[in-house]
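Participant: I'm passing along model.txt; it holds compact mmCIF, C-alpha atoms.
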# COMPACT_ATOMS: atom_id res chain seq x y z
CA MET A 21 -20.52 27.95 11.03
CA GLY A 22 -21.64 28.45 7.43
CA LYS A 23 -19.00 26.04 6.18
CA HIS A 24 -19.19 23.09 3.81
CA VAL A 25 -17.16 19.87 4.16
CA VAL A 26 -17.05 17.04 1.65
CA VAL A 27 -16.64 13.57 3.15
CA ILE A 28 -15.38 10.90 0.74
CA GLY A 29 -16.59 7.46 1.78
CA GLY A 30 -19.76 6.34 3.54
CA GLY A 31 -18.42 3.54 5.72
CA VAL A 32 -18.12 3.59 9.50
CA ALA A 33 -15.63 6.49 9.58
CA GLY A 34 -17.43 8.55 6.94
CA LEU A 35 -20.81 8.21 8.63
CA GLU A 36 -19.39 9.08 12.05
CA VAL A 37 -17.60 12.14 10.64
CA ALA A 38 -20.67 13.33 8.73
CA GLY A 39 -22.94 12.96 11.75
CA GLN A 40 -20.62 14.73 14.18
CA LEU A 41 -19.92 17.62 11.77
CA SER A 42 -23.61 18.10 11.10
CA LYS A 43 -24.29 18.23 14.85
CA VAL A 44 -22.25 21.43 15.12
CA GLY A 45 -23.95 23.09 12.16
CA ILE A 46 -21.49 22.33 9.38
CA GLN A 47 -23.01 21.48 6.01
CA VAL A 48 -21.80 18.05 4.81
CA SER A 49 -21.80 16.35 1.44
CA LEU A 50 -21.22 12.63 1.95
CA ILE A 51 -19.97 10.88 -1.20
CA GLU A 52 -20.39 7.08 -1.40
CA LYS A 53 -19.44 5.05 -4.47
CA ASP A 54 -21.84 2.19 -3.68
CA SER A 55 -25.63 2.20 -3.63
CA LYS A 56 -25.78 2.19 0.17
CA THR A 57 -23.67 3.33 3.09
CA GLY A 58 -22.00 1.12 5.69
CA GLY A 59 -18.99 -0.15 3.76
CA ASN A 60 -17.42 -3.36 5.04
CA LEU A 61 -19.75 -3.35 8.04
CA ASN A 62 -22.49 -4.57 5.69
CA LYS A 63 -20.56 -7.79 5.13
CA TRP A 64 -20.29 -8.76 8.79
CA TYR A 65 -22.83 -10.77 10.78
CA LYS A 66 -21.47 -10.31 14.31
CA LEU A 67 -18.57 -8.29 15.70
CA PHE A 68 -15.73 -9.12 18.06
CA PRO A 69 -15.04 -9.32 20.94
CA ASP A 70 -18.60 -9.58 22.34
CA ARG A 71 -20.21 -10.97 19.16
CA ARG A 72 -22.87 -8.26 19.06
CA LYS A 73 -24.83 -7.99 15.82
CA SER A 74 -23.41 -5.57 13.27
CA SER A 75 -26.93 -4.22 12.80
CA GLU A 76 -26.66 -2.52 16.20
CA VAL A 77 -23.68 -0.45 15.03
CA LYS A 78 -25.45 0.30 11.74
CA GLU A 79 -28.46 1.52 13.69
CA TYR A 80 -26.25 3.93 15.67
CA LEU A 81 -24.57 5.23 12.50
CA ASN A 82 -27.89 5.65 10.70
CA GLY A 83 -29.22 7.56 13.69
CA ILE A 84 -26.32 9.98 13.87
CA THR A 85 -26.62 10.82 10.18
CA ALA A 86 -30.43 11.16 10.08
CA ASN A 87 -30.71 14.93 9.73
CA ASP A 88 -31.11 17.58 7.06
CA GLY A 89 -27.55 18.88 7.33
CA ILE A 90 -26.12 15.98 5.32
CA ASN A 91 -26.36 15.74 1.55
CA LEU A 92 -25.89 12.01 0.84
CA MET A 93 -24.74 11.17 -2.69
CA THR A 94 -24.65 7.42 -3.34
CA ASN A 95 -23.46 5.70 -6.54
CA THR A 96 -21.07 8.62 -6.83
CA SER A 97 -17.29 8.82 -7.02
CA ILE A 98 -14.78 11.66 -7.11
CA GLU A 99 -13.13 12.28 -10.47
CA MET A 100 -11.04 15.33 -9.60
CA PHE A 101 -10.41 17.83 -6.85
CA ASN A 102 -8.21 20.89 -6.67
CA ARG A 103 -7.40 23.47 -4.04
CA HIS A 104 -8.05 27.11 -4.97
CA ARG A 105 -6.73 29.42 -2.26
CA ASP A 106 -9.21 28.93 0.60
CA HIS A 107 -11.54 26.34 -0.93
CA PHE A 108 -11.68 23.12 -2.94
CA SER A 109 -13.35 22.34 -6.24
CA ILE A 110 -14.53 18.71 -6.37
CA ILE A 111 -15.87 17.11 -9.56
CA THR A 112 -18.04 14.01 -9.12
CA SER A 113 -18.69 11.12 -11.52
CA GLY A 114 -21.95 12.78 -12.54
CA GLY A 115 -20.11 15.90 -13.62
CA ARG A 116 -21.33 17.91 -10.67
CA GLU A 117 -19.00 20.45 -9.05
CA LEU A 118 -18.94 20.83 -5.28
CA ILE A 119 -17.24 23.74 -3.56
CA ALA A 120 -15.94 22.83 -0.11
CA ASP A 121 -13.98 24.49 2.66
CA ALA A 122 -12.38 21.18 3.67
CA ILE A 123 -12.28 17.51 2.67
CA ILE A 124 -12.26 14.41 4.85
CA VAL A 125 -11.08 11.22 3.16
CA ALA A 126 -12.70 8.13 4.69
CA THR A 127 -12.27 5.60 1.88
CA GLY A 128 -11.70 2.66 4.23
CA PHE A 129 -10.14 -0.62 3.16
CA ASP A 130 -10.62 -3.57 0.84
CA LEU A 131 -10.12 -7.17 1.87
CA PHE A 132 -7.11 -8.80 0.24
CA LYS A 133 -8.14 -10.71 -2.89
CA SER A 134 -7.43 -14.26 -1.77
CA ALA A 135 -7.20 -15.60 -5.34
CA ARG A 136 -3.78 -13.92 -5.49
CA LYS A 137 -2.56 -16.68 -3.13
CA GLU A 138 -2.98 -19.51 -5.64
CA GLU A 139 -1.42 -22.05 -3.30
CA TYR A 140 -4.52 -21.83 -1.07
CA GLY A 141 -6.92 -22.67 -3.89
CA TYR A 142 -9.46 -19.87 -3.53
CA GLY A 143 -11.43 -19.71 -6.78
CA ILE A 144 -10.02 -23.12 -7.71
CA TYR A 145 -11.56 -25.42 -5.10
CA ASP A 146 -15.22 -24.90 -4.27
CA ASN A 147 -14.88 -25.44 -0.54
CA VAL A 148 -12.14 -22.85 0.02
CA ILE A 149 -13.84 -19.65 1.16
CA THR A 150 -12.86 -16.34 2.77
CA SER A 151 -13.76 -14.87 6.14
CA ALA A 152 -16.26 -12.58 4.36
CA ASP A 153 -17.88 -15.59 2.65
CA LEU A 154 -18.25 -17.26 6.04
CA GLU A 155 -19.92 -14.16 7.50
CA GLU A 156 -22.45 -14.35 4.67
CA MET A 157 -23.15 -17.97 5.64
CA PHE A 158 -23.66 -16.90 9.25
CA SER A 159 -26.14 -14.26 8.07
CA ARG A 160 -28.09 -16.94 6.19
CA GLY A 161 -28.05 -19.16 9.25
CA GLU A 162 -26.23 -22.06 7.63
CA ILE A 163 -22.74 -23.42 7.02
CA SER A 164 -22.65 -25.87 4.15
CA LEU A 165 -20.37 -27.19 1.43
CA ILE A 166 -20.93 -26.73 -2.28
CA ASN A 167 -22.97 -29.97 -2.36
CA ASN A 168 -25.12 -28.73 0.57
CA THR A 169 -23.65 -31.22 3.04
CA ILE A 170 -22.56 -30.09 6.50
CA PRO A 171 -18.78 -29.83 7.05
CA GLU A 172 -17.38 -31.84 9.95
CA LYS A 173 -13.75 -30.67 9.90
CA ILE A 174 -12.96 -27.03 9.23
CA GLY A 175 -9.58 -25.29 8.92
CA ILE A 176 -8.96 -21.57 9.32
CA ILE A 177 -5.80 -20.11 7.76
CA HIS A 178 -4.52 -16.85 9.27
CA CYS A 179 -2.52 -14.03 7.64
CA VAL A 180 -3.73 -14.40 4.05
CA GLY A 181 -2.24 -11.38 2.31
CA SER A 182 -0.66 -9.97 5.48
CA ARG A 183 2.95 -10.21 6.67
CA ASP A 184 3.65 -11.71 3.26
CA GLU A 185 6.66 -10.70 1.19
CA LYS A 186 5.36 -12.52 -1.89
CA VAL A 187 2.41 -10.13 -2.25
CA GLY A 188 4.33 -7.10 -0.98
CA ASN A 189 2.34 -6.67 2.24
CA PHE A 190 4.86 -6.62 5.08
CA TYR A 191 2.46 -5.18 7.65
CA CYS A 192 0.12 -6.97 10.05
CA SER A 193 -3.59 -6.46 9.33
CA LYS A 194 -4.13 -6.51 13.08
CA LEU A 195 -7.66 -7.96 13.07
CA CYS A 196 -7.24 -11.32 11.30
CA CYS A 197 -6.38 -13.23 14.49
CA VAL A 198 -9.34 -12.02 16.50
CA THR A 199 -11.66 -12.47 13.50
CA ALA A 200 -10.49 -16.07 13.20
CA VAL A 201 -11.11 -16.69 16.90
CA LYS A 202 -14.59 -15.13 16.73
CA GLN A 203 -15.50 -17.14 13.64
CA ALA A 204 -14.12 -20.38 15.11
CA ILE A 205 -16.44 -19.96 18.11
CA GLU A 206 -19.39 -19.17 15.85
CA ILE A 207 -18.72 -22.26 13.73
CA ARG A 208 -18.84 -24.38 16.89
CA GLU A 209 -22.07 -22.64 17.91
CA PHE A 210 -23.64 -23.41 14.52
CA LEU A 211 -22.09 -26.90 14.27
CA PRO A 212 -21.52 -28.30 17.78
CA GLU A 213 -20.18 -31.62 16.42
CA SER A 214 -17.59 -30.01 14.15
CA LYS A 215 -13.85 -29.85 14.70
CA VAL A 216 -12.14 -26.50 14.05
CA PHE A 217 -8.41 -25.90 13.58
CA CYS A 218 -6.68 -22.52 13.31
CA PHE A 219 -3.28 -22.28 11.58
CA TYR A 220 -1.42 -19.16 12.66
CA MET A 221 2.03 -17.56 12.51
CA ASP A 222 1.65 -15.60 15.75
CA MET A 223 -1.48 -14.93 17.78
CA ARG A 224 -1.71 -11.14 18.00
CA MET A 225 -4.58 -10.46 20.37
CA GLY A 226 -3.87 -6.85 21.24
CA GLY A 227 -7.33 -5.47 21.94
CA VAL A 228 -9.70 -5.21 24.88
CA PHE A 229 -11.11 -8.69 25.69
CA TYR A 230 -9.29 -10.25 22.71
CA GLU A 231 -7.12 -12.50 24.86
CA GLU A 232 -10.16 -13.56 26.87
CA LEU A 233 -11.92 -14.50 23.62
CA TYR A 234 -8.88 -16.57 22.61
CA ARG A 235 -8.99 -18.49 25.89
CA GLU A 236 -12.74 -19.01 25.55
CA ALA A 237 -12.23 -20.52 22.08
CA GLN A 238 -9.85 -23.11 23.49
CA GLU A 239 -11.35 -23.83 26.89
CA GLN A 240 -15.09 -23.66 26.17
CA TRP A 241 -15.32 -24.47 22.47
CA GLY A 242 -12.41 -26.85 21.90
CA VAL A 243 -10.86 -24.96 19.00
CA SER A 244 -7.37 -26.27 18.17
CA PHE A 245 -4.56 -23.81 17.37
CA ILE A 246 -1.52 -24.97 15.38
CA ARG A 247 1.43 -22.64 14.95
CA GLY A 248 2.57 -23.03 11.37
CA LYS A 249 2.20 -21.54 7.91
CA VAL A 250 0.24 -23.55 5.37
CA SER A 251 2.36 -24.08 2.26
CA GLU A 252 -0.09 -25.79 -0.08
CA VAL A 253 -3.73 -26.80 -0.48
CA SER A 254 -4.89 -29.51 -2.90
CA GLU A 255 -8.07 -31.48 -3.46
CA THR A 256 -8.34 -35.24 -2.99
CA ILE A 257 -10.31 -37.66 -5.16
CA ASP A 258 -13.15 -37.59 -2.62
CA ASN A 259 -13.31 -33.75 -2.75
CA GLN A 260 -11.66 -33.17 0.61
CA LEU A 261 -9.04 -30.47 0.97
CA LEU A 262 -5.52 -31.65 1.79
CA ILE A 263 -3.19 -29.11 3.38
CA LYS A 264 0.52 -29.24 3.98
CA VAL A 265 1.78 -27.29 6.97
CA GLU A 266 4.76 -27.29 9.28
CA ASP A 267 3.94 -27.37 12.99
CA THR A 268 6.71 -25.03 14.13
CA LEU A 269 6.17 -25.77 17.83
CA ALA A 270 6.40 -29.54 17.37
CA GLY A 271 9.06 -29.15 14.68
CA ARG A 272 7.43 -31.54 12.20
CA PRO A 273 5.49 -31.34 8.92
CA LEU A 274 1.80 -32.20 8.85
CA LYS A 275 -0.71 -33.29 6.25
CA MET A 276 -4.35 -32.84 7.21
CA LYS A 277 -7.68 -33.26 5.42
CA PHE A 278 -10.58 -30.82 5.77
CA ASP A 279 -14.10 -30.45 4.45
CA LEU A 280 -13.94 -26.64 4.45
CA LEU A 281 -11.10 -24.10 4.57
CA VAL A 282 -11.60 -20.46 5.58
CA LEU A 283 -9.00 -17.86 4.56
CA MET A 284 -8.52 -14.90 6.90
CA ALA A 285 -8.07 -12.18 4.28
CA GLY A 286 -6.04 -9.17 5.42
CA MET A 287 -6.76 -5.48 4.88
CA GLU A 288 -5.41 -3.33 2.05
CA MET A 289 -5.84 0.27 0.98
CA SER A 290 -9.16 0.44 -0.86
CA GLU A 291 -9.33 0.84 -4.61
CA GLY A 292 -11.22 4.10 -4.06
CA GLY A 293 -8.47 5.31 -1.75
CA ARG A 294 -5.78 4.59 -4.33
CA LYS A 295 -7.76 6.59 -6.88
CA ILE A 296 -8.12 9.57 -4.51
CA ALA A 297 -4.39 9.44 -3.72
CA GLY A 298 -3.58 9.62 -7.42
CA ILE A 299 -5.91 12.44 -8.43
CA GLY A 300 -5.28 14.50 -5.31
CA GLY A 301 -1.53 14.09 -4.87
CA LEU A 302 -1.95 12.60 -1.40
CA ARG A 303 1.04 10.73 -0.01
CA THR A 304 0.89 7.04 0.83
CA GLY A 305 3.20 5.16 3.17
CA GLU A 306 5.25 1.99 2.92
CA ASN A 307 2.08 0.01 3.63
CA ARG A 308 0.35 1.88 0.76
CA PHE A 309 -2.32 3.32 3.06
CA PHE A 310 -2.51 7.13 3.31
CA ALA A 311 0.52 8.55 5.11
CA ALA A 312 -0.36 10.77 8.07
CA ASN A 313 1.44 14.05 8.63
CA ASP A 314 2.69 12.71 11.97
CA ASN A 315 2.05 9.25 13.42
CA HIS A 316 1.84 10.49 17.01
CA PHE A 317 -0.02 13.80 16.95
CA GLY A 318 -1.15 14.30 13.36
CA SER A 319 -2.68 11.00 12.24
CA ASN A 320 -5.72 12.79 10.75
CA ILE A 321 -3.70 15.38 8.83
CA SER A 322 -2.61 14.92 5.20
CA ASN A 323 0.17 16.55 3.20
CA ILE A 324 -2.36 18.96 1.65
CA GLU A 325 -3.78 21.77 3.75
CA GLY A 326 -7.50 21.34 4.31
CA VAL A 327 -7.56 17.59 3.54
CA PHE A 328 -7.97 15.24 6.50
CA TYR A 329 -8.15 11.48 7.07
CA ALA A 330 -10.58 9.36 9.09
CA GLY A 331 -10.46 5.64 9.82
CA THR A 332 -8.92 2.69 8.06
CA CYS A 333 -7.75 4.59 5.01
CA THR A 334 -4.62 5.24 7.11
CA ALA A 335 -4.07 1.78 8.66
CA PRO A 336 -5.93 -1.33 9.82
CA MET A 337 -8.26 -0.49 12.73
CA ASN A 338 -11.17 -2.10 14.50
CA ILE A 339 -14.56 -0.35 14.65
CA THR A 340 -13.90 1.21 18.06
CA GLU A 341 -10.62 2.71 16.84
CA THR A 342 -12.22 3.80 13.57
CA ILE A 343 -14.96 5.75 15.34
CA SER A 344 -12.43 7.37 17.69
CA HIS A 345 -10.20 8.31 14.75
CA ALA A 346 -13.21 9.79 12.94
CA ARG A 347 -14.12 11.91 15.95
CA ALA A 348 -10.54 13.15 16.14
CA ALA A 349 -10.77 14.13 12.46
CA VAL A 350 -13.87 16.19 13.26
CA ILE A 351 -11.95 18.14 15.91
CA GLU A 352 -9.10 18.79 13.46
CA VAL A 353 -11.53 20.05 10.81
CA ILE A 354 -13.39 22.33 13.23
CA ASP A 355 -10.10 23.87 14.38
CA TYR A 356 -9.01 24.31 10.77
CA LEU A 357 -12.27 26.01 9.78
CA LYS A 358 -12.09 28.36 12.76
CA ASP A 359 -8.53 29.36 11.91
CA SER A 360 -9.46 29.95 8.27
CA ASN A 361 -12.23 32.44 9.07
Just dump the structure as structure tokens.

Facilitator:
Amino acid sequence: MGKHVVVIGGGVAGLEVAGQLSKVGIQVSLIEKDSKTGGNLNKWYKLFPDRRKSSEVKEYLNGITANDGINLMTNTSIEMFNRHRDHFSIITSGGRELIADAIIVATGFDLFKSARKEEYGYGIYDNVITSADLEEMFSRGEISLINNTIPEKIGIIHCVGSRDEKVGNFYCSKLCCVTAVKQAIEIREFLPESKVFCFYMDMRMGGVFYEELYREAQEQWGVSFIRGKVSEVSETIDNQLLIKVEDTLAGRPLKMKFDLLVLMAGMEMSEGGRKIAGIGGLRTGENRFFAANDNHFGSNISNIEGVFYAGTCTAPMNITETISHARAAVIEVIDYLKDSN
């Protein structure tokens, strides 16, 4: 088509967009702030609901972008972009100017910084970790405490930074529950003698095979689920973690000791996304993700003509939804470029 599109962000959505655009002959510049592409996918060992290795999805994404029509620019960020009639001028961190016919923003998400929830002790107590930290342990093939001993009793705390008025995140991150269930099963696979407890507000298993995974965790792996919000975590003299929680189904408070606590960190608009919103005048919603032009039939369309969205920069999504949303963005861009000829 003789057109040039700049894609901001080299995670799942950005790679899918770049590959699909290149397939139809559109020149693509893919801008990634880190040294490698893949985004949050690089931090995950296995994926729900079937626990396939994340490397299989990476292999697909690398395959779709392995062609000469994509100019990949890593360790690069966007410093400024402006619309000039029928094109955009984009200035990168290296001072380079790119001229594009359209822009796709695919800046993804950041995990909530769990240290902001001081009551849970992340960054204070050594054996309080996040879901991302646990995935790193899975990748290394070991689950151990700071003193290299094997934990026997492990607690998983849901909704850390989601549905939380104190941190200003009223929305549900959508994927914390199923991540907790997946990780609980994996802990039991790694440590068959361990006991695993999940503390949840509500189990929101709204995806394909999510509910089945939840049942498997209980029936086959013996994971215990307690409905209640943890109010406080402290450390005992013998370096165990003491939690206070109200069991809302039983209607009574509980105190329980654990060797290891895992915090299910929610999803927030990425730092890169916030920067792009500021320099480009792109609207954000109540949840502080990018606000779509229309939630039903314009979720890829921004408030600026020629700028489109793909993936979790607009809302929490799983990988399947992210790839579908990216493909929809490609269709929107192709239609826009045809109309602008």

Participant: Grab the CA of Ser97 in chain A to CA of Gly31 in chain A distance for me, in Å with one decimal place.

Facilitator: 13.8 Å

Participant: Show me, as a ChimeraX atom specification, the residues that have an atom within 9 Å of Asp121 in chain A when counting all atoms listed in the file, minus same-chain residues fewer than 4 positions from it.

Facilitator: /A:23-26,106-108,326,357

Participant: Please produce a file of the residues just selected, as a PDB file, in the frame of the given file, where the atoms kept are C-alpha atoms.

Facilitator:
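What follows is the written file out_34.pdb:
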ATOM      1  CA  LYS A  23     -19.000  26.040   6.180  1.00  0.00           C
ATOM      2  CA  HIS A  24     -19.190  23.090   3.810  1.00  0.00           C
ATOM      3  CA  VAL A  25     -17.160  19.870   4.160  1.00  0.00           C
ATOM      4  CA  VAL A  26     -17.050  17.040   1.650  1.00  0.00           C
ATOM      5  CA  ASP A 106      -9.210  28.930   0.600  1.00  0.00           C
ATOM      6  CA  HIS A 107     -11.540  26.340  -0.930  1.00  0.00           C
ATOM      7  CA  PHE A 108     -11.680  23.120  -2.940  1.00  0.00           C
ATOM      8  CA  GLY A 326      -7.500  21.340   4.310  1.00  0.00           C
ATOM      9  CA  LEU A 357     -12.270  26.010   9.780  1.00  0.00           C
TER      10      LEU A 357
END

Participant: By how many Å are CA of Glu79 in chain A and CA of Thr332 in chain A apart?

Facilitator: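 About the pair CA of Glu79 in chain A and CA of Thr332 in chain A: they are 20.4 Å apart.
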
Participant: Set out as CSV a contact list for range 63-93 of chain A and range 39-54 of chain A with a cut-off of 6 Å, giving each residue of range 63-93 of chain A that qualifies its closest atom pair and distance in Å to one decimal, counting only C-alpha atoms, ordered by chain and rising residue number.

Facilitator:
residue,atom,partner,partner_atom,distance
A:Ile84,CA,A:Gly39,CA,5.0
A:Thr85,CA,A:Gly39,CA,4.5
A:Gly89,CA,A:Gln47,CA,5.4
A:Ile90,CA,A:Val48,CA,4.8
A:Asn91,CA,A:Ser49,CA,4.6
A:Leu92,CA,A:Leu50,CA,4.8
A:Met93,CA,A:Ile51,CA,5.0

Participant: Work out how far apart CA of Val265 in chain A and CA of Ile166 in chain A are and give it in Å to one decimal.

Facilitator: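 Calculated distance between CA of Val265 in chain A and CA of Ile166 in chain A is 24.5 Å.
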
Participant: Looking at all atoms listed in the file, which of A:Cys192, A:Ile98, A:Ile263, A:Leu67 is the one that sits closest to Asn338 in chain A?

Facilitator: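 When distances to Asn338 in chain A are compared using all atoms listed in the file, the smallest one comes from A:Leu67.
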
Participant: Check the smallest atom-to-atom distance from each of A:Ala346, A:Val282, A:Ile170, A:Ile149 to Glu36 in chain A using all atoms listed in the file, then report the winner.

Facilitator: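 Between A:Ala346, A:Val282, A:Ile170, A:Ile149, the residue approaching Glu36 in chain A most closely is A:Ala346.
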
Participant: Near Ile207 in chain A, within 10 Å and counting all atoms listed in the file, which residues show up once chain neighbours fewer than 6 positions away are dropped, as a list in words?

Facilitator: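 Non-adjacent residues within range: Leu154, Phe158, Glu162, Ile163, Ile174, Val201, Glu213, Ser214, Lys215, Val216, Trp241 and Val243 of chain A.
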
Participant: Name the residues within 12 Å of (-29.3, -16.4, 8.7), counting all atoms listed in the file in the file's coordinates, and put them as a ChimeraX atom specification.

Facilitator: /A:64-66,73,154-163,210

Participant: With distances taken over all atoms listed in the file, which of A:Ala335, A:Arg71, A:Gly248, A:Val253 is nearest to Gly271 in chain A?

Facilitator: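 When distances to Gly271 in chain A are compared using all atoms listed in the file, the smallest one comes from A:Gly248.
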
Participant: May I ask which of the residues A:Phe68, A:Leu165, A:Leu283, A:Phe101 is the closest one to Glu232 in chain A, counting only C-alpha atoms?

Facilitator: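 Checking each candidate against Glu232 in chain A, we get A:Phe68 as the closest.
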
Participant: Point out the residue among A:Ala311, A:Ala297, A:Leu35, A:Met221 with the least atom-to-atom distance to Thr57 in chain A, counting only C-alpha atoms.

Facilitator: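 Closest to Thr57 in chain A, using only C-alpha atoms: A:Leu35.
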
Participant: With distances taken over all atoms listed in the file, which of A:Arg183, A:His178, A:Lys249, A:Arg272 is nearest to Cys218 in chain A?

Facilitator: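 For Cys218 in chain A, the nearest of the candidates is A:His178.
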
Participant: Find the residues around Val180 in chain A up to 8 Å (only C-alpha atoms counted), leave out those fewer than 5 positions away in its own chain, and share them as a list in words.

Facilitator: Phe132, Ser134, Lys137, Leu283, Met284, Ala285 and Gly286 of chain A

Participant: Just give me the residues with any atom within 9 Å of (-12.2, -9.0, 23.8), file coordinates, counting all atoms listed in the file, written as a compact mmCIF listing (two decimals) with C-alpha atoms, in the coordinates of the input.

Facilitator:
# COMPACT_ATOMS: atom_id res chain seq x y z
CA PHE A 68 -15.73 -9.12 18.06
CA PRO A 69 -15.04 -9.32 20.94
CA ASP A 70 -18.60 -9.58 22.34
CA VAL A 198 -9.34 -12.02 16.50
CA MET A 225 -4.58 -10.46 20.37
CA GLY A 226 -3.87 -6.85 21.24
CA GLY A 227 -7.33 -5.47 21.94
CA VAL A 228 -9.70 -5.21 24.88
CA PHE A 229 -11.11 -8.69 25.69
CA TYR A 230 -9.29 -10.25 22.71
CA GLU A 231 -7.12 -12.50 24.86
CA GLU A 232 -10.16 -13.56 26.87
CA LEU A 233 -11.92 -14.50 23.62
CA TYR A 234 -8.88 -16.57 22.61

Participant: Just want the 8 Å neighbourhood of Ala349 in chain A, counted on all atoms listed in the file, with same-chain residues fewer than 6 positions away dropped. Output as a ChimeraX atom specification.

Facilitator: /A:37,124,320,328-330
